[in-house]
$ cat structure_28.txt   # compact mmCIF, N, CA and C atoms
# COMPACT_ATOMS: atom_id res chain seq x y z
N MET L 20 93.75 34.80 33.82
CA MET L 20 93.86 33.37 33.63
C MET L 20 95.01 32.84 34.48
N ASN L 21 94.80 31.74 35.19
CA ASN L 21 95.81 31.11 36.03
C ASN L 21 96.48 29.97 35.27
N GLY L 22 97.34 30.27 34.29
CA GLY L 22 97.97 29.19 33.51
C GLY L 22 96.92 28.51 32.68
N ASP L 23 96.65 27.25 32.97
CA ASP L 23 95.65 26.50 32.23
C ASP L 23 94.32 26.36 32.99
N LEU L 24 94.15 27.13 34.05
CA LEU L 24 92.91 27.10 34.82
C LEU L 24 91.97 28.20 34.33
N PRO L 25 90.66 27.95 34.37
CA PRO L 25 89.71 29.00 33.98
C PRO L 25 89.79 30.20 34.92
N ASP L 26 89.41 31.36 34.41
CA ASP L 26 89.39 32.58 35.22
C ASP L 26 88.50 32.38 36.45
N GLY L 27 88.95 32.88 37.58
CA GLY L 27 88.17 32.82 38.80
C GLY L 27 88.37 31.55 39.61
N PHE L 28 89.10 30.59 39.08
CA PHE L 28 89.34 29.37 39.83
C PHE L 28 90.53 29.55 40.77
N VAL L 29 90.50 28.87 41.90
CA VAL L 29 91.59 28.90 42.86
C VAL L 29 92.76 28.09 42.30
N ASP L 30 93.94 28.68 42.28
CA ASP L 30 95.12 27.97 41.81
C ASP L 30 95.79 27.29 43.00
N PRO L 31 95.83 25.96 43.04
CA PRO L 31 96.43 25.27 44.19
C PRO L 31 97.94 25.46 44.31
N LEU L 32 98.55 26.08 43.30
CA LEU L 32 99.99 26.35 43.37
C LEU L 32 100.28 27.73 43.96
N VAL L 33 99.23 28.49 44.28
CA VAL L 33 99.39 29.81 44.90
C VAL L 33 98.94 29.69 46.36
N PRO L 34 99.90 29.59 47.29
CA PRO L 34 99.56 29.34 48.70
C PRO L 34 98.60 30.36 49.31
N GLU L 35 98.68 31.62 48.90
CA GLU L 35 97.82 32.64 49.48
C GLU L 35 96.35 32.35 49.14
N GLN L 36 96.08 31.93 47.91
CA GLN L 36 94.71 31.61 47.50
C GLN L 36 94.20 30.39 48.27
N VAL L 37 95.04 29.38 48.38
CA VAL L 37 94.65 28.15 49.08
C VAL L 37 94.42 28.44 50.56
N ALA L 38 95.31 29.21 51.17
CA ALA L 38 95.19 29.54 52.59
C ALA L 38 93.89 30.29 52.87
N ALA L 39 93.51 31.19 51.98
CA ALA L 39 92.25 31.94 52.16
C ALA L 39 91.05 31.00 52.14
N VAL L 40 91.06 30.04 51.24
CA VAL L 40 89.96 29.07 51.16
C VAL L 40 89.94 28.20 52.42
N LEU L 41 91.09 27.69 52.82
CA LEU L 41 91.16 26.82 54.00
C LEU L 41 90.72 27.56 55.26
N ALA L 42 91.11 28.81 55.40
CA ALA L 42 90.70 29.61 56.57
C ALA L 42 89.19 29.81 56.57
N ALA L 43 88.61 30.11 55.42
CA ALA L 43 87.16 30.32 55.34
C ALA L 43 86.40 29.03 55.63
N VAL L 44 86.90 27.91 55.12
CA VAL L 44 86.24 26.63 55.37
C VAL L 44 86.31 26.28 56.84
N ARG L 45 87.45 26.47 57.46
CA ARG L 45 87.57 26.17 58.89
C ARG L 45 86.67 27.08 59.72
N GLU L 46 86.57 28.34 59.34
CA GLU L 46 85.73 29.28 60.07
C GLU L 46 84.25 28.90 59.98
N HIS L 47 83.81 28.51 58.79
CA HIS L 47 82.38 28.23 58.58
C HIS L 47 81.98 26.79 58.87
N LEU L 48 82.88 25.84 58.60
CA LEU L 48 82.52 24.42 58.72
C LEU L 48 83.28 23.68 59.80
N GLY L 49 84.24 24.35 60.41
CA GLY L 49 84.99 23.72 61.49
C GLY L 49 86.04 22.75 60.98
N LEU L 50 86.64 22.03 61.91
CA LEU L 50 87.70 21.09 61.58
C LEU L 50 87.19 19.95 60.71
N THR L 51 85.98 19.49 60.95
CA THR L 51 85.41 18.40 60.15
C THR L 51 85.31 18.80 58.69
N GLY L 52 84.82 20.00 58.42
CA GLY L 52 84.71 20.49 57.05
C GLY L 52 86.08 20.67 56.40
N LEU L 53 87.04 21.14 57.18
CA LEU L 53 88.39 21.32 56.67
C LEU L 53 89.00 19.98 56.29
N LEU L 54 88.86 18.98 57.17
CA LEU L 54 89.39 17.65 56.87
C LEU L 54 88.69 17.04 55.66
N ASP L 55 87.38 17.28 55.53
CA ASP L 55 86.65 16.77 54.38
C ASP L 55 87.19 17.37 53.08
N LEU L 56 87.47 18.66 53.09
CA LEU L 56 88.04 19.30 51.91
C LEU L 56 89.41 18.72 51.58
N LEU L 57 90.23 18.51 52.59
CA LEU L 57 91.58 18.00 52.36
C LEU L 57 91.57 16.56 51.85
N THR L 58 90.50 15.80 52.13
CA THR L 58 90.41 14.44 51.56
C THR L 58 90.25 14.48 50.05
N ARG L 59 89.84 15.61 49.52
CA ARG L 59 89.63 15.75 48.07
C ARG L 59 90.92 16.13 47.32
N VAL L 60 92.02 16.21 48.05
CA VAL L 60 93.30 16.52 47.43
C VAL L 60 94.05 15.20 47.21
N PRO L 61 94.16 14.76 45.93
CA PRO L 61 94.89 13.52 45.67
C PRO L 61 96.33 13.63 46.16
N GLY L 62 96.78 12.61 46.86
CA GLY L 62 98.14 12.62 47.39
C GLY L 62 98.21 12.94 48.86
N LEU L 63 97.14 13.53 49.41
CA LEU L 63 97.10 13.77 50.86
C LEU L 63 96.40 12.59 51.52
N THR L 64 96.89 12.21 52.68
CA THR L 64 96.25 11.20 53.49
C THR L 64 95.65 11.91 54.69
N VAL L 65 94.35 11.68 54.93
CA VAL L 65 93.66 12.34 56.04
C VAL L 65 93.11 11.27 56.97
N ASP L 66 93.42 11.41 58.25
CA ASP L 66 92.87 10.52 59.27
C ASP L 66 92.04 11.39 60.21
N PRO L 67 90.73 11.11 60.35
CA PRO L 67 89.89 11.96 61.17
C PRO L 67 90.10 11.81 62.67
N GLY L 68 90.96 10.88 63.08
CA GLY L 68 91.18 10.65 64.50
C GLY L 68 90.05 9.83 65.09
N ARG L 69 90.14 9.60 66.40
CA ARG L 69 89.07 8.86 67.08
C ARG L 69 89.05 9.26 68.54
N SER L 70 87.87 9.15 69.10
CA SER L 70 87.74 9.46 70.52
C SER L 70 88.22 8.28 71.34
N GLY L 71 88.59 8.57 72.55
CA GLY L 71 89.08 7.53 73.43
C GLY L 71 87.92 6.72 74.00
N GLY L 72 88.25 5.61 74.52
CA GLY L 72 87.25 4.74 75.12
C GLY L 72 87.91 3.86 76.15
N LEU L 73 87.21 2.85 76.57
CA LEU L 73 87.74 1.92 77.56
C LEU L 73 88.95 1.21 76.97
N LEU L 74 90.08 1.39 77.57
CA LEU L 74 91.35 0.79 77.15
C LEU L 74 91.78 1.21 75.74
N ARG L 75 91.31 2.37 75.30
CA ARG L 75 91.69 2.86 73.97
C ARG L 75 91.98 4.35 74.08
N ALA L 76 93.17 4.72 73.69
CA ALA L 76 93.56 6.12 73.74
C ALA L 76 92.94 6.90 72.57
N ALA L 77 92.62 8.14 72.83
CA ALA L 77 92.13 9.01 71.75
C ALA L 77 93.29 9.37 70.84
N THR L 78 92.99 9.54 69.55
CA THR L 78 94.01 10.00 68.62
C THR L 78 93.49 11.25 67.93
N ALA L 79 94.38 12.21 67.76
CA ALA L 79 94.02 13.47 67.11
C ALA L 79 93.97 13.27 65.59
N PRO L 80 93.13 14.03 64.90
CA PRO L 80 93.13 13.98 63.44
C PRO L 80 94.49 14.43 62.90
N TRP L 81 94.85 13.93 61.72
CA TRP L 81 96.09 14.35 61.09
C TRP L 81 95.96 14.30 59.58
N VAL L 82 96.83 15.09 58.93
CA VAL L 82 96.91 15.16 57.48
C VAL L 82 98.36 14.94 57.11
N SER L 83 98.58 14.07 56.12
CA SER L 83 99.94 13.77 55.69
C SER L 83 100.08 13.95 54.19
N GLY L 84 101.18 14.57 53.82
CA GLY L 84 101.53 14.71 52.41
C GLY L 84 103.02 14.48 52.26
N GLY L 85 103.39 13.31 51.79
CA GLY L 85 104.82 13.01 51.69
C GLY L 85 105.43 12.84 53.06
N ASP L 86 106.49 13.61 53.32
CA ASP L 86 107.20 13.51 54.59
C ASP L 86 106.68 14.46 55.65
N ASP L 87 105.65 15.24 55.35
CA ASP L 87 105.11 16.20 56.30
C ASP L 87 103.76 15.73 56.84
N VAL L 88 103.61 15.85 58.15
CA VAL L 88 102.37 15.48 58.82
C VAL L 88 101.95 16.66 59.69
N VAL L 89 100.67 17.04 59.58
CA VAL L 89 100.10 18.05 60.48
C VAL L 89 99.13 17.33 61.39
N ARG L 90 99.41 17.37 62.68
CA ARG L 90 98.55 16.73 63.70
C ARG L 90 97.74 17.80 64.41
N PHE L 91 96.42 17.59 64.44
CA PHE L 91 95.51 18.56 65.04
C PHE L 91 95.32 18.25 66.53
N ALA L 92 96.42 18.09 67.22
CA ALA L 92 96.40 17.89 68.67
C ALA L 92 96.39 19.27 69.31
N LYS L 93 96.51 19.31 70.61
CA LYS L 93 96.62 20.60 71.29
C LYS L 93 98.01 20.67 71.88
N PRO L 94 98.91 21.44 71.34
CA PRO L 94 98.77 22.34 70.19
C PRO L 94 98.92 21.57 68.87
N VAL L 95 98.49 22.22 67.80
CA VAL L 95 98.68 21.65 66.46
C VAL L 95 100.17 21.63 66.18
N VAL L 96 100.67 20.52 65.61
CA VAL L 96 102.09 20.41 65.31
C VAL L 96 102.29 19.93 63.88
N ARG L 97 103.39 20.38 63.31
CA ARG L 97 103.81 19.89 61.99
C ARG L 97 105.05 19.05 62.23
N GLU L 98 105.01 17.83 61.72
CA GLU L 98 106.13 16.92 61.89
C GLU L 98 106.77 16.62 60.54
N ARG L 99 108.06 16.47 60.57
CA ARG L 99 108.81 16.00 59.40
C ARG L 99 109.15 14.55 59.70
N VAL L 100 108.59 13.62 58.92
CA VAL L 100 108.74 12.20 59.17
C VAL L 100 109.41 11.55 57.96
N VAL L 101 110.53 10.88 58.22
CA VAL L 101 111.24 10.17 57.15
C VAL L 101 111.46 8.74 57.62
N GLY L 102 110.97 7.80 56.85
CA GLY L 102 111.14 6.39 57.20
C GLY L 102 110.50 6.03 58.52
N GLY L 103 109.41 6.69 58.86
CA GLY L 103 108.73 6.41 60.12
C GLY L 103 109.34 7.06 61.33
N VAL L 104 110.41 7.82 61.14
CA VAL L 104 111.09 8.50 62.24
C VAL L 104 110.77 9.99 62.18
N VAL L 105 110.29 10.53 63.29
CA VAL L 105 110.00 11.97 63.36
C VAL L 105 111.31 12.71 63.54
N LEU L 106 111.68 13.49 62.51
CA LEU L 106 112.93 14.24 62.56
C LEU L 106 112.77 15.59 63.24
N SER L 107 111.58 16.19 63.09
CA SER L 107 111.34 17.47 63.74
C SER L 107 109.86 17.62 64.04
N ARG L 108 109.59 18.40 65.05
CA ARG L 108 108.21 18.67 65.47
C ARG L 108 108.13 20.16 65.75
N THR L 109 107.24 20.85 64.99
CA THR L 109 107.13 22.30 65.13
C THR L 109 105.69 22.67 65.46
N PRO L 110 105.46 23.42 66.56
CA PRO L 110 104.10 23.88 66.85
C PRO L 110 103.60 24.81 65.75
N VAL L 111 102.32 24.72 65.45
CA VAL L 111 101.71 25.58 64.43
C VAL L 111 100.67 26.46 65.11
N PRO L 112 100.94 27.77 65.21
CA PRO L 112 99.94 28.67 65.80
C PRO L 112 98.66 28.68 64.96
N THR L 113 97.55 28.91 65.60
CA THR L 113 96.25 28.92 64.92
C THR L 113 96.24 29.89 63.74
N ALA L 114 96.88 31.03 63.89
CA ALA L 114 96.89 32.04 62.84
C ALA L 114 97.63 31.57 61.59
N THR L 115 98.60 30.69 61.73
CA THR L 115 99.38 30.24 60.57
C THR L 115 98.96 28.87 60.06
N LEU L 116 97.95 28.25 60.68
CA LEU L 116 97.52 26.93 60.24
C LEU L 116 97.08 26.90 58.78
N PRO L 117 96.25 27.85 58.29
CA PRO L 117 95.88 27.79 56.87
C PRO L 117 97.09 27.87 55.94
N ALA L 118 98.07 28.70 56.26
CA ALA L 118 99.27 28.82 55.43
C ALA L 118 100.09 27.53 55.45
N THR L 119 100.16 26.90 56.61
CA THR L 119 100.89 25.64 56.73
C THR L 119 100.23 24.56 55.88
N LEU L 120 98.91 24.47 55.97
CA LEU L 120 98.18 23.48 55.17
C LEU L 120 98.25 23.81 53.68
N ALA L 121 98.24 25.09 53.34
CA ALA L 121 98.33 25.50 51.93
C ALA L 121 99.67 25.07 51.34
N THR L 122 100.73 25.16 52.12
CA THR L 122 102.04 24.71 51.65
C THR L 122 102.02 23.20 51.42
N LEU L 123 101.37 22.47 52.29
CA LEU L 123 101.24 21.02 52.15
C LEU L 123 100.47 20.68 50.87
N VAL L 124 99.38 21.42 50.61
CA VAL L 124 98.59 21.21 49.39
C VAL L 124 99.44 21.52 48.16
N ARG L 125 100.13 22.65 48.17
CA ARG L 125 100.95 23.04 47.02
C ARG L 125 102.01 22.00 46.71
N GLU L 126 102.71 21.52 47.72
CA GLU L 126 103.77 20.54 47.50
C GLU L 126 103.19 19.21 46.99
N THR L 127 102.02 18.85 47.47
CA THR L 127 101.38 17.62 47.00
C THR L 127 100.95 17.75 45.55
N VAL L 128 100.40 18.90 45.18
CA VAL L 128 99.99 19.13 43.78
C VAL L 128 101.21 19.15 42.87
N ARG L 129 102.27 19.77 43.31
CA ARG L 129 103.51 19.78 42.51
C ARG L 129 104.03 18.36 42.29
N ARG L 130 103.98 17.56 43.33
CA ARG L 130 104.50 16.19 43.27
C ARG L 130 103.59 15.28 42.44
N ASP L 131 102.27 15.38 42.66
CA ASP L 131 101.34 14.43 42.05
C ASP L 131 100.65 14.96 40.80
N GLY L 132 100.68 16.27 40.58
CA GLY L 132 100.16 16.83 39.34
C GLY L 132 98.66 16.81 39.16
N ALA L 133 97.89 16.92 40.21
CA ALA L 133 96.43 16.93 40.09
C ALA L 133 95.89 18.35 40.22
N ARG L 134 96.51 19.28 39.55
CA ARG L 134 96.20 20.71 39.71
C ARG L 134 94.75 21.03 39.42
N GLU L 135 94.22 20.52 38.31
CA GLU L 135 92.86 20.85 37.91
C GLU L 135 91.83 20.30 38.90
N ASP L 136 92.02 19.04 39.34
CA ASP L 136 91.09 18.44 40.29
C ASP L 136 91.07 19.19 41.62
N VAL L 137 92.24 19.55 42.11
CA VAL L 137 92.33 20.28 43.37
C VAL L 137 91.75 21.68 43.21
N SER L 138 91.98 22.29 42.07
CA SER L 138 91.43 23.62 41.80
C SER L 138 89.90 23.60 41.85
N VAL L 139 89.31 22.59 41.25
CA VAL L 139 87.85 22.48 41.26
C VAL L 139 87.33 22.32 42.68
N ALA L 140 87.98 21.46 43.48
CA ALA L 140 87.53 21.24 44.86
C ALA L 140 87.66 22.51 45.69
N LEU L 141 88.79 23.20 45.56
CA LEU L 141 89.00 24.43 46.33
C LEU L 141 88.04 25.54 45.90
N THR L 142 87.81 25.66 44.61
CA THR L 142 86.90 26.68 44.11
C THR L 142 85.47 26.42 44.58
N ALA L 143 85.05 25.16 44.52
CA ALA L 143 83.70 24.80 45.00
C ALA L 143 83.56 25.09 46.49
N ALA L 144 84.59 24.78 47.27
CA ALA L 144 84.54 25.07 48.71
C ALA L 144 84.48 26.56 48.96
N ARG L 145 85.30 27.33 48.24
CA ARG L 145 85.30 28.79 48.38
C ARG L 145 83.91 29.36 48.08
N ASP L 146 83.32 28.90 47.00
CA ASP L 146 82.00 29.40 46.61
C ASP L 146 80.91 28.99 47.59
N ALA L 147 81.04 27.78 48.14
CA ALA L 147 80.04 27.29 49.09
C ALA L 147 80.05 28.07 50.39
N VAL L 148 81.24 28.39 50.90
CA VAL L 148 81.27 29.10 52.19
C VAL L 148 81.09 30.60 52.03
N SER L 149 81.25 31.11 50.82
CA SER L 149 81.09 32.55 50.64
C SER L 149 79.64 32.95 50.33
N SER L 150 78.80 31.96 50.06
CA SER L 150 77.40 32.30 49.74
C SER L 150 76.51 32.31 50.94
$ encode --input "structure_28.txt" --output "structure tokens"
Amino acid sequence: MNGDLPDGFVDPLVPEQVAAVLAAVREHLGLTGLLDLLTRVPGLTVDPGRSGGLLRAATAPWVSGGDDVVRFAKPVVRERVVGGVVLSRTPVPTATLPATLATLVRETVRRDGAREDVSVALTAARDAVSS
């Protein structure tokens, strides 16, 4: 039993479990599927980005939780933003992206307290990509 979660459910407060789900979703469903899953986490803001056009620059997708922003540019970067000012920018290697996002999910769940809702979304995603 994971605290107050049913047996077999993904605990969003355990980064290793969340990272495994996020890695599997990205592998099977790509970035679009990963961003869709992250939209189901209350407290995270997800922007799917947009393609460029005539007189319009392309923008990379990004996920924000509090003061942390992960931008899916090339390379993927994690930014620490306070008051609209970027204090730090750290490249995120592909191998550590699920762990980075899992930390973002965990901190958001701790802050906003939607553990059960996030657990259901992560468990459903895990079960969908594993079948």
$ atom_distance --input "structure_28.txt" --atom1 "atom C of Val95 (chain L)" --atom2 "atom C of Pro110 (chain L)"
4.7 Å
$ residues_near_point --input "structure_28.txt" --point "(89.5, 15.0, 51.3)" --cutoff "12 Å" --atoms "only C-alpha atoms" --output "ChimeraX atom specification"
/L:51-67,81-83,124,136-137,140-141,144
$ select_by_dssp --input "structure_28.txt" --residues "region 54-129 of chain L" --states "strand (DSSP E or B)" --output "list in words"
Thr64, Val65, Asp66, Arg69, Gly72, Arg75, Thr78, Trp81, Val82, Ser83, Gly84, Asp87, Val88, Val89, Arg90, Val96, Arg97, Glu98, Arg99, Val100, Val101, Val104, Val105, Leu106, Ser107, Arg108, Thr109 and Pro110 of chain L
$ residues_around --input "structure_28.txt" --residues "Ala79 (chain L)" --least-positions-apart "4" --cutoff "6 Å" --atoms "only C-alpha atoms" --output "MDAnalysis selection string"
chainID L and resid 68 91:92
$ select_by_dssp --input "structure_28.txt" --residues "region 85-126 of chain L" --states "helix (DSSP H, G or I)" --output "ChimeraX atom specification"
/L:113-126
